[in-house]
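Text of run-v9.cif, listed as mmCIF, C-alpha atoms:
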data_query
#
loop_
_atom_site.label_atom_id
_atom_site.label_comp_id
_atom_site.auth_asym_id
_atom_site.auth_seq_id
_atom_site.Cartn_x
_atom_site.Cartn_y
_atom_site.Cartn_z
CA MET A 1 -26.93 25.34 1.99
CA ILE A 2 -30.02 23.33 3.01
CA THR A 3 -29.96 21.60 -0.38
CA ALA A 4 -26.27 20.70 0.03
CA CYS A 5 -26.89 19.29 3.55
CA TYR A 6 -29.94 17.40 2.29
CA ILE A 7 -27.95 15.85 -0.58
CA PHE A 8 -25.09 14.95 1.78
CA LEU A 9 -27.44 13.29 4.28
CA VAL A 10 -29.33 11.35 1.59
CA LEU A 11 -26.10 10.05 0.08
CA PHE A 12 -24.48 9.39 3.47
CA MET A 13 -27.44 7.26 4.56
CA SER A 14 -27.62 5.48 1.20
CA VAL A 15 -23.92 4.62 1.25
CA MET A 16 -24.17 3.44 4.88
CA LEU A 17 -27.15 1.19 4.17
CA GLU A 18 -25.71 -0.13 0.92
CA VAL A 19 -22.41 -1.02 2.60
CA MET A 20 -24.17 -2.58 5.61
CA LEU A 21 -26.40 -4.69 3.35
CA GLY A 22 -23.39 -5.52 1.19
CA SER A 23 -21.66 -6.85 4.30
CA ALA A 24 -24.64 -9.18 4.68
CA SER A 25 -23.94 -10.44 1.13
CA VAL A 26 -26.84 -8.62 -0.55
CA ILE A 27 -26.31 -6.01 -3.24
CA ILE A 28 -29.07 -3.42 -2.95
CA PRO A 29 -28.22 -0.44 -5.19
CA LEU A 30 -29.55 2.20 -2.78
CA THR A 31 -26.91 4.80 -3.64
CA GLY A 32 -27.65 4.35 -7.35
CA MET A 33 -31.36 4.96 -6.67
CA SER A 34 -30.63 8.10 -4.62
CA LEU A 35 -28.30 9.32 -7.36
CA PHE A 36 -31.02 8.77 -9.97
CA TYR A 37 -33.39 10.89 -7.91
CA LEU A 38 -30.82 13.64 -7.27
CA SER A 39 -29.72 13.70 -10.93
CA MET A 40 -33.32 14.08 -12.05
CA VAL A 41 -33.94 16.94 -9.63
CA HIS A 42 -30.62 18.78 -9.86
CA GLY A 43 -29.41 17.88 -13.36
CA TRP A 44 -27.10 15.24 -14.82
CA ARG A 45 -23.92 17.27 -14.22
CA VAL A 46 -24.61 17.35 -10.49
CA GLY A 47 -25.44 13.63 -10.76
CA LEU A 48 -22.09 12.96 -12.40
CA PHE A 49 -20.25 14.81 -9.64
CA LEU A 50 -22.21 13.13 -6.83
CA GLY A 51 -21.88 9.74 -8.53
CA PHE A 52 -18.11 10.05 -8.69
CA PHE A 53 -17.69 10.97 -5.02
CA SER A 54 -20.24 8.55 -3.55
CA GLY A 55 -18.82 5.80 -5.78
CA ILE A 56 -15.32 6.51 -4.51
CA VAL A 57 -16.60 6.32 -0.92
CA VAL A 58 -18.25 2.92 -1.57
CA ASP A 59 -15.09 1.64 -3.28
CA MET A 60 -12.93 2.84 -0.41
CA LEU A 61 -15.21 1.32 2.23
CA PHE A 62 -15.07 -2.03 0.45
CA SER A 63 -11.32 -1.55 -0.15
CA ARG A 64 -11.57 -2.06 -3.91
CA GLU A 65 -8.50 -1.44 -6.05
CA ILE A 66 -10.54 -0.57 -9.14
CA PRO A 67 -13.00 2.33 -8.63
CA VAL A 68 -15.78 0.43 -10.34
CA SER A 69 -18.59 1.98 -8.26
CA ALA A 70 -17.37 5.50 -9.09
CA LEU A 71 -17.69 4.70 -12.79
CA SER A 72 -21.00 2.87 -12.53
CA PHE A 73 -22.56 5.54 -10.30
CA MET A 74 -21.53 8.17 -12.83
CA ALA A 75 -23.28 6.12 -15.49
CA VAL A 76 -26.55 6.56 -13.53
CA SER A 77 -26.58 10.09 -14.97
CA GLY A 78 -26.97 8.44 -18.39
CA VAL A 79 -30.10 6.60 -17.17
CA THR A 80 -31.36 9.95 -15.84
CA ALA A 81 -30.87 11.67 -19.21
CA PHE A 82 -32.61 8.75 -20.95
CA TRP A 83 -35.55 8.85 -18.56
CA LEU A 84 -35.89 12.62 -18.81
CA LEU A 85 -36.11 12.40 -22.60
CA LYS A 86 -38.09 9.17 -23.04
CA GLY A 87 -39.89 8.53 -19.78
CA GLU A 88 -42.04 10.55 -17.46
CA THR A 89 -42.02 11.70 -13.85
CA LYS A 90 -45.64 11.76 -12.71
CA ASP A 91 -46.51 8.04 -12.65
CA VAL A 92 -44.57 6.66 -9.71
CA LEU A 93 -45.20 2.99 -10.43
CA LEU A 94 -43.70 3.30 -13.90
CA HIS A 95 -40.42 4.08 -12.16
CA ALA A 96 -39.90 0.38 -11.67
CA VAL A 97 -38.35 0.54 -15.19
CA PRO A 98 -35.55 3.06 -14.41
CA GLY A 99 -35.19 1.25 -11.07
CA VAL A 100 -34.27 -1.97 -12.88
CA LEU A 101 -32.07 -0.02 -15.33
CA THR A 102 -30.22 1.78 -12.53
CA ALA A 103 -29.67 -1.51 -10.69
CA LEU A 104 -28.33 -3.07 -13.88
CA VAL A 105 -26.02 -0.12 -14.57
CA THR A 106 -24.59 -0.16 -11.04
CA VAL A 107 -24.33 -3.90 -10.39
CA LEU A 108 -23.42 -5.36 -13.78
CA PRO A 109 -20.04 -3.54 -14.07
CA LEU A 110 -19.17 -4.77 -10.58
CA ILE A 111 -19.89 -8.36 -11.58
CA LEU A 112 -17.98 -8.00 -14.84
CA VAL A 113 -14.91 -6.38 -13.26
CA TYR A 114 -14.75 -8.82 -10.34
CA TRP A 115 -15.98 -11.82 -12.31
CA LYS A 116 -13.11 -14.09 -11.29
CA ASP A 117 -13.44 -13.18 -7.60
CA MET A 118 -17.22 -13.50 -7.64
CA MET A 119 -16.99 -16.95 -9.17
CA LEU A 120 -15.72 -18.16 -5.79
CA CYS A 121 -19.36 -17.83 -4.72
CA GLY A 122 -20.55 -19.78 -7.78
CA ALA A 123 -22.35 -18.66 -10.97
CA GLY A 124 -25.77 -19.46 -9.50
CA GLU A 125 -25.28 -17.19 -6.51
CA VAL A 126 -23.97 -14.37 -8.72
CA SER A 127 -27.12 -14.56 -10.90
CA ILE A 128 -29.28 -14.54 -7.77
CA LEU A 129 -27.39 -11.45 -6.52
CA LEU A 130 -28.08 -9.67 -9.82
CA LEU A 131 -31.75 -10.69 -9.83
CA ILE A 132 -32.21 -9.51 -6.23
CA ALA A 133 -30.52 -6.20 -7.10
CA MET A 134 -32.83 -5.69 -10.10
CA ALA A 135 -35.96 -6.66 -8.20
CA SER A 136 -35.05 -4.41 -5.29
CA GLY A 137 -34.37 -1.59 -7.75
CA ALA A 138 -37.86 -1.95 -9.24
CA PHE A 139 -39.35 -1.79 -5.75
CA ILE A 140 -37.07 0.76 -4.07
CA LEU A 141 -36.96 3.53 -6.69
CA PRO A 142 -40.72 4.31 -6.71
CA LEU A 143 -40.74 4.16 -2.91
CA LEU A 144 -37.66 6.38 -2.65
CA ILE A 145 -39.19 8.94 -5.01
CA LEU A 146 -42.30 9.12 -2.82
CA ILE A 147 -40.31 9.50 0.40
CA LEU A 148 -37.74 12.00 -0.91
CA ASP A 149 -40.38 14.07 -2.74
CA PHE A 150 -42.37 14.22 0.49
CA LEU A 151 -39.28 15.43 2.37
CA SER A 152 -38.34 17.90 -0.39
CA GLU A 153 -41.85 19.34 -0.42
CA TRP A 154 -41.70 19.76 3.35
CA LEU A 155 -38.30 21.49 3.09
CA GLY A 156 -39.46 23.64 0.18
CA MET A 157 -36.98 22.25 -2.35
CA ASP A 158 -37.22 21.21 -6.03
CA LEU A 159 -39.44 18.18 -6.61
CA TYR A 160 -38.86 15.10 -8.70
CA ARG A 161 -42.38 15.13 -10.16
CA ASN A 162 -41.67 18.58 -11.68
CA ALA A 163 -38.33 17.49 -13.19
CA ARG A 164 -39.63 17.43 -16.77
CA GLU A 165 -41.02 20.95 -16.57
CA ASN A 166 -37.69 22.65 -17.27
CA ILE A 167 -36.18 19.80 -19.28
CA GLU A 168 -33.96 22.01 -21.54
CA GLU A 169 -32.20 23.38 -18.49
CA ARG A 170 -31.50 19.89 -17.14
CA ILE A 171 -30.26 18.42 -20.43
CA MET B 1 -24.99 17.67 -25.46
CA LEU B 2 -21.20 17.53 -26.11
CA SER B 3 -20.60 21.21 -25.60
CA ARG B 4 -17.22 22.64 -24.60
CA GLN B 5 -18.37 22.74 -20.96
CA ASN B 6 -19.34 19.06 -20.98
CA ILE B 7 -16.08 17.99 -22.61
CA LEU B 8 -14.19 19.88 -19.91
CA LEU B 9 -16.29 18.17 -17.23
CA ILE B 10 -15.57 14.71 -18.62
CA ALA B 11 -11.86 15.57 -18.96
CA GLY B 12 -11.87 16.70 -15.31
CA PHE B 13 -13.26 13.36 -14.19
CA ALA B 14 -10.74 11.50 -16.35
CA VAL B 15 -7.94 13.41 -14.59
CA LEU B 16 -9.48 12.51 -11.20
CA PHE B 17 -9.50 8.82 -12.15
CA VAL B 18 -5.85 9.05 -13.22
CA ILE B 19 -4.97 10.65 -9.85
CA LEU B 20 -6.90 7.87 -8.07
CA SER B 21 -4.90 5.22 -9.88
CA ILE B 22 -1.85 6.33 -7.85
CA THR B 23 -1.55 3.81 -4.99
CA ALA B 24 -0.54 6.40 -2.40
CA VAL B 25 -3.56 8.60 -3.17
CA ARG B 26 -5.87 5.58 -3.10
CA SER B 27 -4.43 4.33 0.17
CA PHE B 28 -4.68 7.79 1.77
CA SER B 29 -8.28 8.34 0.65
CA ARG B 30 -9.20 4.83 1.80
CA LYS B 31 -7.83 5.59 5.26
CA VAL B 32 -9.69 8.90 5.43
CA VAL B 33 -13.01 7.42 4.28
CA SER B 34 -12.86 4.32 6.49
CA ASP B 35 -11.92 6.34 9.58
CA PHE B 36 -14.73 8.80 8.86
CA TYR B 37 -17.32 6.03 8.59
CA HIS B 38 -15.84 3.82 11.35
CA PRO B 39 -17.93 5.18 14.30
CA TYR B 40 -21.16 4.68 12.36
CA PHE B 41 -20.39 1.09 11.42
CA THR B 42 -19.42 0.14 14.96
CA LEU B 43 -22.47 1.91 16.40
CA SER B 44 -24.74 -1.15 16.10
CA SER B 45 -22.37 -3.42 18.06
CA LYS B 46 -21.87 -0.68 20.68
CA VAL B 47 -25.64 -0.32 21.08
CA SER B 48 -26.11 -4.09 21.45
CA ASP B 49 -23.30 -4.20 24.05
CA ALA B 50 -24.93 -1.35 25.98
CA VAL B 51 -28.33 -3.09 25.83
CA ALA B 52 -26.78 -6.36 27.07
CA SER B 53 -25.12 -4.49 29.93
CA GLU B 54 -28.35 -2.70 30.86
CA LYS B 55 -30.21 -6.02 30.69
CA MET B 56 -27.98 -7.28 33.50
CA MET B 57 -29.51 -4.65 35.78
CA LEU B 58 -32.90 -6.28 35.34
CA GLU B 59 -31.72 -9.71 36.51
CA SER B 60 -32.62 -10.85 40.04
CA LYS B 61 -29.96 -10.72 42.78
CA GLY B 62 -29.99 -14.50 43.19
CA ARG B 63 -29.41 -15.06 39.50
CA LEU B 64 -26.62 -12.49 39.40
CA ALA B 65 -24.93 -14.12 42.41
CA GLY B 66 -25.17 -17.48 40.63
CA MET B 67 -23.60 -15.97 37.51
CA VAL B 68 -20.75 -14.47 39.57
CA LEU B 69 -20.03 -17.85 41.18
CA ASP B 70 -20.08 -19.52 37.79
CA LEU B 71 -17.65 -16.92 36.40
CA GLN B 72 -15.36 -17.28 39.42
CA GLU B 73 -15.21 -21.03 38.84
CA LYS B 74 -14.37 -20.51 35.14
CA ASN B 75 -11.80 -17.89 36.09
CA GLU B 76 -10.03 -20.32 38.42
CA ILE B 77 -9.91 -23.00 35.72
CA LEU B 78 -8.51 -20.48 33.22
CA SER B 79 -5.91 -19.23 35.71
CA ALA B 80 -4.73 -22.80 36.27
CA LYS B 81 -4.54 -23.38 32.52
CA MET B 82 -2.65 -20.12 32.08
CA LYS B 83 -0.10 -21.19 34.68
CA ILE B 84 0.51 -24.46 32.83
CA MET B 85 0.79 -22.56 29.55
CA ASN B 86 3.36 -20.18 30.98
CA ASN B 87 5.43 -23.11 32.29
CA LEU B 88 5.25 -24.76 28.89
CA ARG B 89 6.28 -21.54 27.18
CA GLU B 90 9.32 -21.18 29.41
CA GLU B 91 10.20 -24.83 28.88
CA ASN B 92 9.77 -24.40 25.13
CA THR B 93 12.07 -21.37 25.06
CA LYS B 94 14.74 -23.26 27.05
CA LEU B 95 14.51 -26.29 24.75
CA ARG B 96 14.77 -24.08 21.68
CA GLU B 97 17.89 -22.47 23.06
CA LEU B 98 19.36 -25.92 23.83
CA VAL B 99 18.62 -27.26 20.36
CA GLY B 100 19.96 -24.07 18.81
CA ILE B 101 16.82 -22.96 17.00
CA GLY B 102 16.94 -19.66 18.81
CA LYS B 103 14.22 -17.63 20.37
CA ILE B 104 11.18 -17.04 18.25
CA PRO B 105 9.80 -13.55 18.82
CA TYR B 106 6.54 -13.53 20.69
CA PHE B 107 3.31 -12.49 19.09
CA THR B 108 0.54 -10.44 20.58
CA CYS B 109 -2.88 -11.90 19.96
CA LEU B 110 -5.66 -9.39 19.29
CA LYS B 111 -9.33 -10.22 18.87
CA ALA B 112 -11.12 -8.48 16.01
CA GLU B 113 -14.59 -8.50 14.54
CA ILE B 114 -15.42 -8.39 10.83
CA ILE B 115 -17.39 -5.21 10.25
CA ARG B 116 -17.59 -5.15 6.47
CA ARG B 117 -17.27 -7.55 3.56
CA ASP B 118 -17.40 -6.68 -0.11
CA PRO B 119 -20.13 -8.76 -1.79
CA ALA B 120 -17.99 -8.74 -4.94
CA ARG B 121 -15.03 -10.29 -3.13
CA TRP B 122 -16.80 -12.03 -0.30
CA TYR B 123 -14.18 -14.69 0.31
CA GLU B 124 -11.12 -12.58 -0.44
CA LYS B 125 -11.30 -9.36 1.54
CA LEU B 126 -12.42 -8.82 5.14
CA ILE B 127 -12.52 -5.48 6.92
CA ILE B 128 -11.99 -5.68 10.68
CA ASP B 129 -12.72 -3.24 13.49
CA LYS B 130 -9.14 -2.97 14.76
CA GLY B 131 -6.46 -0.76 13.28
CA GLU B 132 -3.18 0.96 13.89
CA ALA B 133 -4.48 2.50 17.13
CA ASP B 134 -5.09 -1.01 18.51
CA GLY B 135 -1.63 -2.24 17.54
CA ILE B 136 -2.42 -4.00 14.26
CA ARG B 137 0.41 -3.99 11.76
CA GLU B 138 0.55 -4.78 8.05
CA GLY B 139 1.50 -8.37 7.29
CA SER B 140 0.24 -9.79 10.61
CA SER B 141 -1.25 -13.27 10.38
CA VAL B 142 -4.97 -13.73 10.84
CA ILE B 143 -6.39 -16.94 12.30
CA SER B 144 -9.86 -18.17 13.19
CA ARG B 145 -11.29 -20.85 15.40
CA ILE B 146 -12.17 -24.18 13.85
CA PRO B 147 -13.75 -27.23 15.44
CA GLY B 148 -11.08 -29.70 16.57
CA SER B 149 -10.74 -33.12 15.00
CA GLY B 150 -11.92 -34.80 18.18
CA GLY B 151 -15.15 -32.86 18.17
CA SER B 152 -14.78 -31.33 21.63
CA ALA B 153 -11.48 -29.48 21.44
CA THR B 154 -11.06 -26.41 19.26
CA SER B 155 -8.04 -25.31 17.31
CA PHE B 156 -7.12 -22.49 14.97
CA ALA B 157 -6.48 -22.18 11.26
CA VAL B 158 -4.93 -19.46 9.17
CA VAL B 159 -7.42 -17.23 7.35
CA GLY B 160 -5.00 -14.77 5.72
CA ARG B 161 -2.94 -11.75 6.57
CA VAL B 162 -3.44 -8.04 7.17
CA LYS B 163 -3.03 -6.20 3.89
CA SER B 164 -3.50 -2.58 4.89
CA VAL B 165 -4.18 -0.70 8.10
CA SER B 166 -5.90 2.58 8.83
CA ARG B 167 -6.26 4.20 12.26
CA HIS B 168 -9.29 2.17 13.39
CA GLU B 169 -9.73 -0.50 10.71
CA ALA B 170 -7.68 -3.02 8.78
CA VAL B 171 -8.14 -4.96 5.56
CA VAL B 172 -7.45 -8.70 5.64
CA SER B 173 -6.60 -10.58 2.46
CA THR B 174 -7.58 -14.21 2.82
CA ILE B 175 -5.48 -17.06 1.49
CA LEU B 176 -8.02 -17.38 -1.33
CA SER B 177 -6.98 -13.95 -2.58
CA ASP B 178 -4.32 -13.38 -5.23
CA ASP B 179 -2.57 -10.77 -3.11
CA CYS B 180 -1.94 -13.01 -0.10
CA ALA B 181 1.21 -15.12 -0.21
CA LEU B 182 2.18 -17.30 2.73
CA SER B 183 5.33 -19.30 3.20
CA VAL B 184 4.19 -22.84 4.02
CA LEU B 185 5.63 -26.14 5.14
CA VAL B 186 4.27 -29.52 4.05
CA SER B 187 4.30 -31.59 7.23
CA GLY B 188 5.25 -35.07 5.92
CA SER B 189 7.77 -34.16 3.26
CA LYS B 190 9.13 -31.08 5.11
CA ALA B 191 9.06 -29.14 1.86
CA HIS B 192 8.59 -25.38 1.67
CA GLY B 193 6.34 -23.54 -0.77
CA ILE B 194 4.29 -20.40 -1.25
CA ALA B 195 0.51 -20.58 -0.82
CA GLY B 196 -2.01 -18.09 -2.16
CA SER B 197 -4.83 -17.65 -4.71
CA GLY B 198 -7.76 -19.99 -4.49
CA LYS B 199 -10.70 -21.30 -6.46
CA LYS B 200 -13.85 -23.27 -5.83
CA VAL B 201 -14.21 -26.87 -6.95
CA ASP B 202 -17.40 -28.78 -6.16
CA ARG B 203 -18.43 -26.47 -3.29
CA ASN B 204 -14.96 -26.73 -1.71
CA PHE B 205 -12.22 -24.13 -1.78
CA ILE B 206 -8.73 -25.08 -2.87
CA VAL B 207 -5.61 -22.95 -2.62
CA LYS B 208 -2.58 -23.16 -4.87
CA ILE B 209 0.86 -23.93 -3.41
CA LYS B 210 3.68 -22.98 -5.72
CA PHE B 211 7.46 -23.43 -5.77
CA LEU B 212 7.55 -26.77 -3.94
CA PRO B 213 10.68 -28.87 -4.56
CA LYS B 214 9.99 -31.26 -7.44
CA ASP B 215 12.11 -34.17 -6.23
CA VAL B 216 10.08 -34.85 -3.09
CA THR B 217 7.23 -37.34 -2.72
CA TYR B 218 3.96 -35.77 -1.61
CA ALA B 219 0.86 -37.57 -0.41
CA PRO B 220 -2.68 -36.21 -0.46
CA GLY B 221 -3.87 -35.42 3.07
CA GLU B 222 -0.52 -34.16 4.37
CA PHE B 223 -1.03 -31.20 6.67
CA ILE B 224 0.21 -27.76 5.67
CA TYR B 225 1.55 -25.35 8.29
CA THR B 226 3.07 -21.89 8.22
CA SER B 227 6.84 -22.12 7.92
CA GLY B 228 7.56 -19.00 9.97
CA LEU B 229 10.32 -18.02 7.55
CA SER B 230 8.95 -14.54 6.94
CA GLY B 231 9.40 -13.41 10.55
CA VAL B 232 5.99 -11.77 10.73
CA THR B 233 4.17 -15.12 10.73
CA PRO B 234 4.61 -17.61 13.57
CA SER B 235 5.56 -21.12 12.52
CA SER B 236 3.40 -24.25 12.81
CA LEU B 237 -0.01 -22.65 12.36
CA LEU B 238 -2.39 -24.97 10.57
CA ILE B 239 -3.43 -23.79 7.11
CA GLY B 240 -4.94 -26.90 5.51
CA LYS B 241 -4.09 -30.22 3.95
CA LEU B 242 -2.90 -31.35 0.54
CA ALA B 243 -5.75 -32.05 -1.84
CA GLU B 244 -5.85 -34.92 -4.26
CA GLY B 245 -5.31 -33.95 -7.90
CA ARG B 246 -7.36 -35.19 -10.84
CA GLU B 247 -5.09 -38.17 -11.53
CA GLY B 248 -4.86 -39.05 -7.83
CA GLN B 249 -1.51 -37.27 -7.48
CA ALA B 250 -0.94 -34.51 -4.97
CA VAL B 251 1.36 -32.37 -7.12
CA LYS B 252 2.01 -31.36 -10.70
CA ILE B 253 5.51 -30.53 -12.00
CA LYS B 254 5.65 -27.10 -13.63
CA ASP B 255 8.21 -26.40 -16.40
CA ASN B 256 10.38 -29.14 -14.91
CA LEU B 257 11.47 -26.57 -12.30
CA TYR B 258 9.14 -26.85 -9.34
CA ALA B 259 6.05 -28.68 -8.12
CA GLU B 260 2.63 -27.13 -7.76
CA ALA B 261 -0.05 -28.51 -5.47
CA TRP B 262 -3.54 -27.69 -4.31
CA MET B 263 -4.50 -27.47 -0.67
CA GLU B 264 -7.86 -27.63 1.08
CA PRO B 265 -7.88 -24.76 3.61
CA SER B 266 -8.98 -25.67 7.15
CA ALA B 267 -10.63 -22.32 7.91
CA ASN B 268 -14.35 -22.11 7.30
CA PHE B 269 -14.73 -19.05 5.08
CA ASP B 270 -18.52 -19.24 5.15
CA ASN B 271 -18.67 -18.82 8.89
CA LEU B 272 -16.28 -16.05 9.86
CA HIS B 273 -17.21 -13.39 12.38
CA PHE B 274 -14.45 -13.02 14.96
CA LEU B 275 -10.78 -13.30 14.09
CA LEU B 276 -7.50 -13.37 15.96
CA ILE B 277 -4.65 -11.23 14.72
CA LEU B 278 -1.11 -12.32 15.58
CA VAL B 279 0.98 -9.17 15.69
CA PRO B 280 4.72 -9.67 16.09
CA GLU B 281 6.06 -7.93 19.20
CA LYS B 282 8.57 -5.17 18.55
#

Will you turn the file into structure tokens for me?
Amino acid sequence: MITACYIFLVLFMSVMLEVMLGSASVIIPLTGMSLFYLSMVHGWRVGLFLGFFSGIVVDMLFSREIPVSALSFMAVSGVTAFWLLKGETKDVLLHAVPGVLTALVTVLPLILVYWKDMMLCGAGEVSILLLIAMASGAFILPLLILILDFLSEWLGMDLYRNARENIEERI
Amino acid sequence: MLSRQNILLIAGFAVLFVILSITAVRSFSRKVVSDFYHPYFTLSSKVSDAVASEKMMLESKGRLAGMVLDLQEKNEILSAKMKIMNNLREENTKLRELVGIGKIPYFTCLKAEIIRRDPARWYEKLIIDKGEADGIREGSSVISRIPGSGGSATSFAVVGRVKSVSRHEAVVSTILSDDCALSVLVSGSKAHGIAGSGKKVDRNFIVKIKFLPKDVTYAPGEFIYTSGLSGVTPSSLLIGKLAEGREGQAVKIKDNLYAEAWMEPSANFDNLHFLLILVPEK
């Protein structure tokens, strides 16, 4: 029950902040980062489920006809599986790499689907949006892992840094 | 990795996406989600209002008295203006009846604030903090303040129309969006057309006007107003002016059936915060 509340609160806050920042014309893939963390800790199937629902919420809040965020957030589970198999979980700074990957996976489909609409802002501004999203991903993911692992440890829940210990179970 | 369980999981999500493609389901879930999040998004503005109100308590009595006097003076000026406006409205109604145009239904004007904007469709969709509970209805026209031509006076220009409404929020489709169509009137030539769908050319937005009569002469710079033919949009609201085409012509003939023109919208889409919604009275 505590885990479910914790996941709900983390995703609720991430969606809120992402939508608020989005309304200030900045795409910061906070929900994608939280989903990466939660998928690593609780498994990719849980990540897929959470990605679908949080993506739908983001799409609904932005009143999008195509549920592009639901699809791209589900794809974060793919990044999780890749990082579980190829990467590692102990070195926090190295997580700038999945941070950039997660940002790319969540923002690029949005740009591709709404390419025509986004071109009203101009190609230069769209590239800047993507670059900011990637840079923020590289910075936010390591920070988020530190904060959420600290909270999880305090609440006595599964930790991100131990995610690779029972890798068979997660994959 | 592709075990029977995983295939079932993926199939389950595929079914969910199919269900979500149904407009009614999407519209219902959008209403539920936006109403659930609404109090949290409006929290910041409520807090700033409360802080501003509390700040008043810290002002000195003399300053507060000065502010009251200032407001009283402004109130008197506004009351006088309102009286003139009411007289003009009555006169206008009488003249319309005399000429035989008939009575145009009145519109209620509601102020709304933009609370969310999709970064992917920044100029096309706006989400406002007023909904069904505040009297907003689908199809209502949305206008914003623009600086007047003289510099001092202000006027209003059409931004778009309300596309969908939930209990506490509404989605506005701007005239740059493909799903906003407005019946327009070209001022000089008195021709009617349909405006909607825009693009950006050299840092300026232009909006397409379709189905204009082809046998009329159009000049670049002619003002475009709402025609009021739809019934949910008042007539004579400024939308923009005819833009000059590549060959210096204002219009292009399409399939030898109708003329198509481009218009420069008057609303400033980069600087939108508060909007006015014109809801037709029942």

Give me, as a tab-separated table, each residue of stretch 48-88 of chain A that comes within 10 Å of stretch 22-33 of chain A, together with its shortest interatomic pair and the distance in Å at one decimal, counting only C-alpha atoms, with rows ordered by chain and rising residue number.
residue	atom	partner	partner_atom	distance
A:Gly51	CA	A:Gly32	CA	8.0
A:Ser54	CA	A:Thr31	CA	7.7
A:Gly55	CA	A:Thr31	CA	8.4
A:Val58	CA	A:Thr31	CA	9.1
A:Phe62	CA	A:Ser23	CA	9.0
A:Ser69	CA	A:Gly32	CA	9.4
A:Ser72	CA	A:Gly32	CA	8.6
A:Phe73	CA	A:Gly32	CA	6.0
A:Met74	CA	A:Gly32	CA	9.1
A:Ala75	CA	A:Gly32	CA	9.4
A:Val76	CA	A:Gly32	CA	6.7
A:Ser77	CA	A:Gly32	CA	9.6

Which residues are close to B:Leu126, i.e. within 10 Å by only C-alpha atoms, leaving aside same-chain residues fewer than 4 positions away? Reply as an MDAnalysis selection string. (chainID A and resid 23 62:63) or (chainID B and resid 113:118 121:122 160 162:163 170:174 272:273)

I need the chain A residues near chain B as a PyMOL selection string; criterion: at most 10 Å, counting only C-alpha atoms. chain A and resi 12+15-17+19-27+45+48-49+52+56-67+70-71+74+107+110-122+126+129+171

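Straight-line separation from atom CA of A:Lys90 to atom CA of A:Arg161: 5.3 Å.
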
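Nearest to A:Thr80 of all the residues A:Ile128, A:Ala133, A:Leu38, A:Ile147 is A:Leu38, counting all atoms listed in the file.
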
Name the residues that the PyMOL selection byres ((chain B and resi 219-223) around 12) pulls out of this structure, and write them as an MDAnalysis selection string. chainID B and resid 157 184:191 216:218 224:226 236:251 261:266

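When atom CA of A:Ala81 is paired with atom CA of A:Gly43, their separation reads 8.7 Å.
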
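Across the chains present, the PyMOL selection byres ((chain A and resi 93) around 12) applied to this file returns Glu88, Thr89, Lys90, Asp91, Val92, Leu94, His95, Ala96, Val97, Pro98, Gly99, Ala138, Phe139, Ile140, Leu141, Pro142, Leu143, Leu144, Ile145 and Leu146 of chain A.
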
In Å and to one decimal, atom CA of A:Met1 is distant from atom CA of A:Ser39 by 17.6 Å

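The residue that comes closest to B:Ala259, out of B:Leu95, B:Leu275, B:Ile194, B:Ile206 and on the basis of all atoms listed in the file, is B:Ile194.
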
Any chance you could resolve the PyMOL selection byres ((chain B and resi 112) around 7) against this file and give the residues as an mmCIF file with C-alpha atoms, in the coordinates of the input?
data_model
loop_
_atom_site.group_PDB
_atom_site.id
_atom_site.type_symbol
_atom_site.label_atom_id
_atom_site.label_comp_id
_atom_site.auth_asym_id
_atom_site.auth_seq_id
_atom_site.Cartn_x
_atom_site.Cartn_y
_atom_site.Cartn_z
ATOM 1 C CA LEU B 110 -5.660 -9.390 19.290
ATOM 2 C CA LYS B 111 -9.330 -10.220 18.870
ATOM 3 C CA GLU B 113 -14.590 -8.500 14.540
ATOM 4 C CA ILE B 114 -15.420 -8.390 10.830
ATOM 5 C CA ILE B 128 -11.990 -5.680 10.680
ATOM 6 C CA ASP B 129 -12.720 -3.240 13.490
ATOM 7 C CA LYS B 130 -9.140 -2.970 14.760
ATOM 8 C CA PHE B 274 -14.450 -13.020 14.960
ATOM 9 C CA LEU B 275 -10.780 -13.300 14.090
ATOM 10 C CA LEU B 276 -7.500 -13.370 15.960
#

Please return the centre and edge lengths, in Å to one decimal, of a box with edges along x, y and z that contains all listed atoms of stretch 85-104 of chain A, widened by 3 Å on every side, as JSON.
{"center_x": -37.4, "center_y": 4.7, "center_z": -16.4, "size_x": 24.2, "size_y": 21.5, "size_z": 19.3}
